[in-house]
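*Asks:* Pasting in a structure now, in structure tokens, and then I'll have a few things to ask.
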Amino acid sequence: MASLLSVRDLKIEATAYPPGEPPKDITIVDGISFDVEKGKVLGLIGESGAGKSTIGLSALAYGRGGVRITGGEVRLNGEDLLKKGPRGIRQVRGAKVCYVAQSAAAAFNPAHKLGRQIVESAVSHGIMSKREAEDRARYLFKVLGLPDPDRFGQRYPHQVSGGQLQRAMTAMALCSNPELIVFDEPTTALDVTTQIDVLAAIKAAIEETGTAALYITHDLAVVAQISDHIMVLRHGKMVEYGPVEQIIEAPEEEYTRALVNVRRERKEEARDQEGAVLKIENVDAGYGEGAQVLFDVSMHLPRGQTLAVVGESGSGKSTTARVVTGLLPAKAGRVLFKGEALPAALKDRSRDQLRQIQMIYQIADTAMNPRHTVREIIGRPLTFYFGLRGRKKTDRIKQLLEQIEMGAGFIDRYPAELSGGQKQRVAIARALAAEPEVILCDEPTSALDPLVADGILNLLTRLQAETQVSYLFITHDIATVRAIADSIAVMHRGRVVRFGPKSQVLAPPFDDYTDLLLKSVPEMQVGWLENVLKTRRMESAGH
Amino acid sequence: MGGPLLTMIVQRIALGVLLLFAVSLLIFAGTEILPGDVAQAILGQTATPEAIANIREQLGLDRPAPMRYLEWLGGAVQGDFGVSYSNRQEIATQIAGRLGNTLFLAAAAAAIAVPLAIILGILSVRYRNTFFDRIISIVTLTTISLPEFFSGYILMFVFAVSLQWFPSSATVYDSMTLLERLWAIALPVMTLVLVVVGHMMRMTRAAILNVLSSPYVETAELKGLSQSRIIWRHALPNAVAPIINVVALNLAYLVVGVVVIEVIFVYPGMGQYMVDHVSKRDVPVVQACGLIFASVYIILNTIADVASVLANPRLRHPR
Amino acid sequence: MFKTMPVSAMIGLFGVCFYVFLAVFAPLIAPYGETEVVGGVWLTPTAQFWLGTDNLGRDLLSRLIYGARTTLFIAAVSTVVAFIIGILLGFLAAVMRGWVDQVLSRLNDLLMSIPTLIFALVVLSVLPSELYILILVMAVLEATRVYRVSRAVAADIAVMDYVEAAKLRGEGWGWIISREILPNAASPLLAEFGLRFAFAVLFLSALSFLGLGIQPPAADWGGMVKDNKDGIVFGIGAALFPGAAIATLAISVNLVVDWLLNRTSSLKGGRGDG
């Protein structure tokens, strides 16, 4: 039987313009083949640069920003899209194959109401009348769990929330009743408790309408919930391709195994959590007049241990870090370092106090001056705090580079010449150079690919064992918390809702928010989403 | 309509009015406080102290500056700019006709330049990275770099002296018909168009390209919509605001560009009048002209501001 | 850096270098003196006078070469002064924020709300006609534009995490401005310098053309257009040569700037793809 979508030997190229060099052609995707059957979902998974979005868009015969499909076939119902002219391709796009983008907020036109945009392709392709399309849109709003389905279409994109927009974009794709939908990381930009709702809505809509889908993501746990088959990609090439159960439970390739096993626990929780190198006591803080962000926040971090501060966007976790650094002086309460209160404002702290607390940022790219070499970046704290110069300084920089597993060969490189993981390592070395007691880690792994992030977590754990440095580790990712924390503070809307040793925080009885948070994190397990939804239904029936 | 939108517009307009007052103060202060004495300037370096004191009193310069400012501003608001030093005539009556001439010249130039720039901008986006786009880009870069007096005299040399199609000096008087007037100002209008069209076209092109590279245009493309639908329904509504902004900014620029061009073509407008009286150090005239030019400029900029507020759907349809 | 330079930028660079060369070696190159009367009024170009003579019978080519000196020198000095004022205040506002930024920025808005030429006319109507005053007026007016650009560039950089990291380390303002911000602001500011310089040449020429810039008998391009403009009506193109010199210099600078701007924007890169 012929497949709905059949891709053979796909080759995709682009022209790169490296600064100061002549432009050159690079291959983004090479020799990819796969099939999607009617009504089935294929998950495409890989790290950034794996070419998964590019492959997804090729199902609409589209190359983004100068990307060209240079070889192979993309057959839809047996017809090769790449051989069709512009008019033929237009008849497929929006009618037979639809697209759901990662950022719905940017993908909707700000000048038109949602409803008009959602029915537009169905009507302009002549698939249904305007009235029929509007009826279908209302029906889809209901299926996708959008509020007030009858009037939802009257709103403008900026008038609804991010999670709702993502569902509206799914409705837009489903409206013309296509045979295939390409989902391009539809939940990546969402908070974890929102993600699960959108994921459930998408799954329900796919089942309800019987459309087939290509689901693109970097999160294997997410794709396991929604796909029938999974294709693992790396550097534009296929690594492994098989049914979802096989990929998750019995991966054959080394790389797939690594992806499945990422985020495992790597150390025992410290027994003794008395005494604290850093203590935050009853802190209130906010920006400007009125807008209070933190309410009575207290937590403490024992020496040589890791305190994970976990919460979603807007929970106040990063603001807590800013209070500790002195960038945002607290309005009430205090921060104690080794039992002594730190001056609230950065400018009142002594150089030694500043040295004792260092910081690692989420985006290593912007955390390092692009015009400084690794030598200057790591060397500056050495000169600034310890007055090291010349030979001694160079030796120490090399020693630090060894410590972060990079080696002295990188000493004269600029940040632009390093990979994402290497940049984050250099940022860690810069923090270590100050020989601090405490390092504040502000989501240091969340912008990195899972395997690279894993390497960074291993490094941080090893450095802690070697130097007894303490981490205040801010993250939104429960799996990371499980992997590295000794104690945990859960934050929600500016308050600490739960604080204590990891074993206690992650064990029942839970408060409502922690319960919701923990249950929303996708697990690397087929059928997890169904189970969660089933429990939810039973709970709400029980109430 | 209502709520935050109205507030924003009122704010912009209030800001414009505030700016006008600040500018009037600045112009007054600029001519009164800076070193350099008007009386001295009128009489020259050799004047005796008595003569200077005499003329100061005559001009009312011996009274305190804040008082003179208030009187001047009070008069200006009612259209009374006082009396010229050099010829002892009412400035308001002298300006009236000239302001009309200047606005006529600017309007004629705008009527050609605005549609031309927008059409060229759209065409160069439509055919971007082609030979046509390149040529347009090089030509506009060139016209931007040309000083007004160079392009003005080139046009005069070619069209008035060699070909003798148009008059070399733009003489206008009251009894002229509209057509005669337009013929008389053909060359200054052409020069003005050359001065602004390049800027306006380049900014229009950038504004449209910015919209075309947005994710929502990609969405429209992936919906399989026709090119014309993408441009008219999805790109244009979002490009209108930046284009209006570009037009208003360039009109402001055009009003100022008039000064040099009036001198070139000996056109009886505000610009020529002002330049004449700067060399004569006739301060009241310069103040009056400066204030009027600055007002036109600020009003056009405020219109640009308000237009971009109006075109923002987030403000038009608040949550 | 020069290997990938497009032809247009090379032409521009050549043009700029050519005029700088003329300006520097003017007395060696010019066949006659700056104010020397050598023949009849408005002679047509001959082998003796390559571009003919001007309204007083001076050699036009020699005056053009000396004019390069005056025009380039004054434009350059006023641009440099404008940059010193503008960058200093712009960086200060971006780094200090708060009321310093508010006061400086609002004042700047006020100065910018009056068209440059109009402002210059108003001020020059009372100030004595001295060279240093002309330079200062031009510099102050241009500094407003430089302020706006350098403040915007520096404000973009000042919110970067690496600047925050430097503050957390305890670095002072000096280090932050000179080592963290300046190196990253250099290339957009260089492009801006080119733009402002081209503008200064045009502006100075316009003022001289209106009789308010450089005073005779010194030769400068705008003034030469003014001196010879009456010849146009009689079909004598003497005024067009200095005009063409101004235009070619401005075009050359713009060509180089265009390339600089493209280079900086392509460094930022396009949209990412996963």
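Each chain in the structure tokens gets a letter, A, B and so on, in the order shown; residues start at 1 in every chain, and ligands are counted from 1 in the order they appear.
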Excluding Ser84 in chain B and any residue of its chain fewer than 4 positions from it, enumerate the residues within 12 Å of it, using only C-alpha atoms, and give them as a ChimeraX atom specification.
*Replies:* /B:59,80,88-95,273-274,277-278,280-289
*Asks:* If you keep C-alpha atoms, can you produce a file of those selected residues as a CSV table (one decimal), in the first residue's frame?
*Replies:*
```csv
chain,number,residue,atom,x,y,z
B,59,LEU,CA,15.0,98.2,20.0
B,80,ASP,CA,2.4,89.1,15.4
B,88,ARG,CA,11.2,98.6,9.9
B,89,GLN,CA,8.2,96.7,8.4
B,90,GLU,CA,5.7,94.3,10.0
B,91,ILE,CA,7.3,90.8,9.8
B,92,ALA,CA,3.9,89.1,9.7
B,93,THR,CA,2.7,90.8,6.5
B,94,GLN,CA,6.1,90.1,4.8
B,95,ILE,CA,6.0,86.5,5.8
B,273,TYR,CA,13.8,85.5,3.2
B,274,MET,CA,15.4,83.9,6.3
B,277,HIS,CA,18.1,88.4,7.0
B,278,VAL,CA,20.6,86.1,8.7
B,280,LYS,CA,21.8,91.3,7.8
B,281,ARG,CA,21.7,90.0,11.4
B,282,ASP,CA,18.0,90.9,11.6
B,283,VAL,CA,17.2,89.0,14.7
B,284,PRO,CA,13.4,89.3,14.9
B,285,VAL,CA,13.0,88.0,11.3
B,286,VAL,CA,15.3,85.1,12.0
B,287,GLN,CA,13.5,84.3,15.2
B,288,ALA,CA,10.1,84.3,13.4
B,289,CYS,CA,11.3,82.2,10.4
```
*Asks:* Mind listing as a PyMOL selection string which residues of chain B are within 7 Å of chain C, counting only C-alpha atoms?
*Replies:* chain B and resi 19+23+30-31+35-38+142+145-147+150+157+161+256+278-279+281+283+286-287+290+294+298
*Asks:* Specify as a list in words all residues of chain B found within 8 Å of chain A, counting only C-alpha atoms.
*Replies:*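 So the contacting residues turn out to be Ser214, Pro215, Tyr216, Val217, Glu218, Thr219, Leu222, Lys223, Gly224, Leu225, Ser226, His234, Pro237, Asn238, Asn312, Pro313, Arg314, His317, Pro318 and Arg319 of chain B.
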*Asks:* Using backbone DSSP assignments, extract all helix (DSSP H, G or I) residues from range 422-496 of chain A; output them as a PyMOL selection string.
*Replies:* chain A and resi 422-433+450-467+478-484
*Asks:* How would the residues just picked look written out with N, CA and C atoms as a compact mmCIF listing (two decimals), in the first residue's frame?
*Replies:*
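Output saved as selection21.txt:
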```txt
# COMPACT_ATOMS: atom_id res chain seq x y z
N GLN A 422 31.21 24.35 25.04
CA GLN A 422 32.53 24.89 25.41
C GLN A 422 32.41 26.28 26.01
N LYS A 423 31.50 27.10 25.43
CA LYS A 423 31.30 28.44 25.98
C LYS A 423 30.86 28.36 27.44
N GLN A 424 29.90 27.47 27.71
CA GLN A 424 29.40 27.36 29.08
C GLN A 424 30.53 26.88 30.00
N ARG A 425 31.42 26.02 29.48
CA ARG A 425 32.55 25.58 30.30
C ARG A 425 33.48 26.74 30.63
N VAL A 426 33.73 27.58 29.64
CA VAL A 426 34.60 28.74 29.89
C VAL A 426 33.95 29.65 30.94
N ALA A 427 32.62 29.79 30.85
CA ALA A 427 31.92 30.61 31.85
C ALA A 427 32.09 30.01 33.24
N ILE A 428 32.08 28.69 33.32
CA ILE A 428 32.29 28.03 34.61
C ILE A 428 33.72 28.29 35.10
N ALA A 429 34.68 28.21 34.18
CA ALA A 429 36.07 28.47 34.56
C ALA A 429 36.23 29.89 35.07
N ARG A 430 35.54 30.85 34.44
CA ARG A 430 35.62 32.23 34.90
C ARG A 430 35.11 32.35 36.34
N ALA A 431 34.02 31.63 36.63
CA ALA A 431 33.49 31.65 38.00
C ALA A 431 34.48 31.00 38.97
N LEU A 432 35.03 29.88 38.54
CA LEU A 432 35.96 29.16 39.41
C LEU A 432 37.22 29.96 39.69
N ALA A 433 37.64 30.77 38.72
CA ALA A 433 38.88 31.53 38.84
C ALA A 433 38.86 32.42 40.08
N PRO A 450 20.41 18.20 25.03
CA PRO A 450 20.41 17.32 26.20
C PRO A 450 21.76 16.67 26.53
N LEU A 451 22.46 16.17 25.51
CA LEU A 451 23.72 15.48 25.80
C LEU A 451 24.79 16.45 26.27
N VAL A 452 24.79 17.66 25.67
CA VAL A 452 25.76 18.67 26.08
C VAL A 452 25.46 19.12 27.51
N ALA A 453 24.16 19.31 27.79
CA ALA A 453 23.74 19.71 29.13
C ALA A 453 24.17 18.66 30.14
N ASP A 454 24.05 17.41 29.75
CA ASP A 454 24.46 16.32 30.61
C ASP A 454 25.93 16.45 30.99
N GLY A 455 26.75 16.77 29.98
CA GLY A 455 28.18 16.94 30.22
C GLY A 455 28.44 18.06 31.21
N ILE A 456 27.69 19.17 31.07
CA ILE A 456 27.88 20.31 31.97
C ILE A 456 27.50 19.92 33.40
N LEU A 457 26.39 19.19 33.55
CA LEU A 457 25.97 18.76 34.90
C LEU A 457 27.02 17.85 35.52
N ASN A 458 27.58 16.94 34.71
CA ASN A 458 28.65 16.08 35.22
C ASN A 458 29.82 16.90 35.72
N LEU A 459 30.19 17.90 34.91
CA LEU A 459 31.33 18.75 35.27
C LEU A 459 31.06 19.48 36.58
N LEU A 460 29.85 20.06 36.70
CA LEU A 460 29.52 20.81 37.92
C LEU A 460 29.59 19.90 39.14
N THR A 461 29.05 18.67 38.99
CA THR A 461 29.07 17.72 40.10
C THR A 461 30.51 17.38 40.50
N ARG A 462 31.36 17.15 39.50
CA ARG A 462 32.75 16.80 39.78
C ARG A 462 33.47 17.96 40.47
N LEU A 463 33.25 19.17 39.96
CA LEU A 463 33.92 20.34 40.55
C LEU A 463 33.50 20.52 42.00
N GLN A 464 32.22 20.23 42.27
CA GLN A 464 31.76 20.37 43.66
C GLN A 464 32.48 19.39 44.58
N ALA A 465 32.63 18.15 44.08
CA ALA A 465 33.32 17.15 44.89
C ALA A 465 34.76 17.56 45.13
N GLU A 466 35.41 18.19 44.12
CA GLU A 466 36.82 18.56 44.25
C GLU A 466 37.04 19.79 45.10
N THR A 467 36.15 20.80 44.97
CA THR A 467 36.45 22.09 45.59
C THR A 467 35.50 22.47 46.72
N ILE A 478 12.45 19.80 36.20
CA ILE A 478 12.43 18.89 37.35
C ILE A 478 13.47 17.78 37.21
N ALA A 479 13.67 17.32 35.98
CA ALA A 479 14.62 16.22 35.80
C ALA A 479 16.03 16.65 36.22
N THR A 480 16.40 17.88 35.87
CA THR A 480 17.70 18.39 36.28
C THR A 480 17.79 18.47 37.81
N VAL A 481 16.70 18.90 38.42
CA VAL A 481 16.65 19.00 39.88
C VAL A 481 16.88 17.62 40.50
N ARG A 482 16.18 16.65 39.99
CA ARG A 482 16.35 15.28 40.49
C ARG A 482 17.80 14.85 40.38
N ALA A 483 18.43 15.24 39.27
CA ALA A 483 19.77 14.75 39.00
C ALA A 483 20.81 15.33 39.94
N ILE A 484 20.68 16.57 40.36
CA ILE A 484 21.83 17.20 41.03
C ILE A 484 21.56 17.77 42.41
```
*Asks:* Measuring atom to atom with only C-alpha atoms, identify which of C:Gly172, C:Pro31, C:Gly213, C:Gly223 is nearest to Ile135 in chain C.
*Replies:*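 Among C:Gly172, C:Pro31, C:Gly213, C:Gly223, it is C:Gly213 that comes nearest to Ile135 in chain C.
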*Asks:* Report as a VMD selection string the set of chain A residues whose atoms approach chain C to within 8 Å, with distances computed over only C-alpha atoms.
*Replies:* chain A and resid 17 19 to 22 47 to 54 65 325 327 346 to 347 351 354 to 355 358 to 359 361 366 to 371 381
*Asks:* Identify which of the residues A:Pro522, A:Met128, A:Arg396, A:Ser446 lies closest to Ala189 in chain A, counting only C-alpha atoms when measuring atom-to-atom distances.
*Replies:*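 Comparing A:Pro522, A:Met128, A:Arg396, A:Ser446 against Ala189 in chain A, the winner is A:Ser446.
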*Asks:* Got a sec: who's within 9 Å of Leu300 in chain B, counting only C-alpha atoms, leaving out chain neighbours fewer than 6 positions off, as a PyMOL selection string?
*Replies:* chain B and resi 248-249+251-252
*Asks:* Could you tell me how far CA of Leu517 in chain A sits from CA of Arg495 in chain A, in Å to one decimal place?
*Replies:*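 Here the two named atoms are 14.9 Å from each other.
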*Asks:* Measuring between only C-alpha atoms, which one of B:His199, B:Arg229, B:Arg12, B:Arg56 shows the shortest distance to Ile144 in chain B?
*Replies:*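 Looking at the shortest contact to Ile144 in chain B, the residue is B:His199.
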*Asks:* Using only C-alpha atoms, can you tell me which of B:Val296, B:Val125, B:Ala239, B:Ile55 comes closest to Tyr85 in chain B?
*Replies:* B:Ile55
*Asks:* So how far away is CA of Gly198 in chain B from CA of Val114 in chain B, in Å?
*Replies:*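 Calculated distance between CA of Val114 in chain B and CA of Gly198 in chain B is 10.6 Å.
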*Asks:* With distances taken over only C-alpha atoms, which residue among A:Gly407, A:Gly56, A:Gly71, A:Pro509 lies nearest Val36 in chain A?
*Replies:* A:Gly56
